[in-house]
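What follows is a single structure, written as structure tokens, with notes after it.
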Amino acid sequence: MRDAFFQNGAADAMKLIHLSDLHLGKRVNEVPMLDDQKFILSQILQITDDEQPDCVLIAGDIWDKPLPGADAVAVFDDFLVQLAKRGLAVFLIPGNHDSAERVSFGGRLMEKSGVCPARPYDGTLTPVVLNDSFGSVFFYLLPYIKPIQVRRFFPDETIENTNDAVRAALQQAAPDPNARNVLLAHQFVTGAAVCDSEEVSVGGSDNVDAALFAPFDYTALGHIHNPQQISRPEIRYCGTPLKYSFSEANHEKSVTVVELREKGDVQLHTVPLRPRHDLREIRGSYDEVTAKSFYDRFDREDYLHVTLTDEEDIPDAIGKLRTVYPNLMKLDYDNCRTRSSADFSRSTRAEQKTPVQLLAEFYQQQNGQALQPQQAAFAEELIEKIWNTP
């Protein structure tokens with residue numbers, strides 16, 4: 001077991017707040033979101049004061065990139081300090097946007113203040129323990145993992161995809177089926193509903209089967225931005241605290257609150273989050289969307305995607321609209337011309353690219369780096385050889 005600080009033994013039942021995908025430092029349509037993120041973190045602190053949890057779970061993607069800016073690091077540092085001042089245990093894992101080494105830096109010192117970051121994956125999952133009146137709760141902190149990170153620790157296992165990797169990691173952990181067990185993980189679980197702001201390979205080798213989480217009383221998931229349960233309520237994505245793409249415009253963001261009572265009794269509820277500026281999509285003709293009767297229905301300070309339906313382009317439309325909607329992020333048109341153009345683009349986009357160009361795009365999406373010239377040359381030679389084989 002990890003540090004003895006976590007033997008609290010004070011609560012009647014174990015109450016948890018589940019967060020994930022803060023993406024601190026993120027820009028949406030090139031607009032920096034850090035002030036909005038500070039606002040929502042303050043709201044989350046108020047929720048912790050109201051709910052009085054025993055611990056806070058942060059299931060990955062703390063920052064928006066592996067080397068976050070100093071301002072984003074400072075915001076998260078202050079958030080952790082505020083949680084620690086409240087006497088809360090804090091468990092956190094790195095997501096695919098984070099550096100596992102940076103998340104774990106200073107972890108042994110932070111544990112003395114109740115903040116417990118996951119260590120970079122080393123082939124073991126050692127639980128952290130909290131106690132309540134029903135006994136012990138074992139918390140397993142699984143960082144975001146890929147097969148290549150896991151294979152070397154299990155040379156006798158067949159690990160071909162992420163599902164195999166997660167299965168090997170959880171089998172090694174071997175949680176006690178008679179105890180209460182909580183898992184933090186940051187993976188794409190098959191069946192999850194996704195949106196535009198996520199980096200997932202739907203239907204591919206990144207998929208993880210929800211059945212792997214059967215030994216856990218609650219699985220606190222990160223990675224997917226839409227709050228949802230997978231297979232059963234106790235396997236849950238809490239979602240992002242803010243909307244990070246217009247595909248999330250209709251999402252209801254919230255904090256997930258979990259109460260673990262005796263084994264088999266898990267209660268969940270959500271607390272809504274209200275952003276400083278909502279993300280909203282509106283559409284209509286220029287005259288319609290600039291009419292007072294139209295914009296009085298919502299906050300004009302919201303971040304907006306405006307779709308104009310005028311058949312003719314409005315001169316300097318974006319400048320004119322920003323006098324009404326100062327936080328306009330995106331403007332486009334939906335009319336006969338744009339629909340014809342979109343239909344042509346969809347029908348020719350793939351056909352206009354060579355096989356090597358399509359392969360390069362797939363390689364970039366899967367590996368986060370460009371196809372090297374020698375790799376492209378090899379692929380081109382191989383494709384030509386296959387096509388020319390009788």
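Ordered as shown in the structure tokens, chains take letters A, B, and onward, while each chain numbers its residues from 1 and ligands are numbered from 1 in the order shown.
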Excluding Asn96 (chain A) and any residue of its chain fewer than 2 positions from it, enumerate the residues within 9 Å of it, using only C-alpha atoms, and give them as a VMD selection string.
-> chain A and resid 60 to 61 65 to 66 94 98 to 100 143 to 145 186 to 187 199 223
Distance query region 55-57 of chain A at most 9 Å, only C-alpha atoms, self and fewer than 5 positions along chain excluded, as a list in words | Met14, Lys15, Leu16, Ile17, His18, Leu19, Ser20, Thr48, Leu83, Gly87, Leu88, Ala89, Val90, Phe91, Leu92, Ile93, Leu184 and Ala220 of chain A
Return as an NGL selection string the full set of residues in region 293-332 of chain A whose backbone-based DSSP assignment is strand (DSSP E).
-> :A and (303-308 or 328-332)
Give me the residues within 8 Å of region 260-267 of chain A as a ChimeraX atom specification, counting only C-alpha atoms and dropping any in the same chain fewer than 2 places off.
-> /A:13-15,134,178-180,217-218,234,258,269
Min atom-atom distance to Trp63 (chain A) from the set A:Leu109, A:Ile44, A:Leu22, A:Leu242, counting only C-alpha atoms, belongs to A:Leu22
To one decimal place, how far is CA of Leu304 (chain A) from CA of Val73 (chain A) in Å?
->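 The value is 27.7 Å.
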Nearest to Arg119 (chain A) among A:Asp71, A:Arg102, A:Asn131, A:Phe79, with distances taken over only C-alpha atoms: which residue is it?
->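 Of A:Asp71, A:Arg102, A:Asn131, A:Phe79, the one nearest Arg119 (chain A), counting only C-alpha atoms, is A:Arg102.
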Apply DSSP to the structure's backbone, then extract all residues of region 219-374 of chain A labelled alpha helix (DSSP H) and return them as an MDAnalysis selection string.
-> chainID A and resid 286:289 292:295 317:322 336:348 355:367 373:374
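The nearest approach to Gly95 (chain A) among the residues A:Ala59, A:Ala210, A:Ile318, A:Leu80, with only C-alpha atoms taken into account, belongs to A:Ala59.
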What does the distance from CA of Ser113 (chain A) to CA of Leu268 (chain A) come to in Å, to one decimal?
->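 Rounded to one decimal, the two atoms are 27.0 Å apart.
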Could you give me, as a PyMOL selection string, the residues within 8 Å of Gly239 (chain A), counting only C-alpha atoms and dropping anything in the same chain fewer than 2 positions from it?
-> chain A and resi 19-21+222-228+237+241+253-254
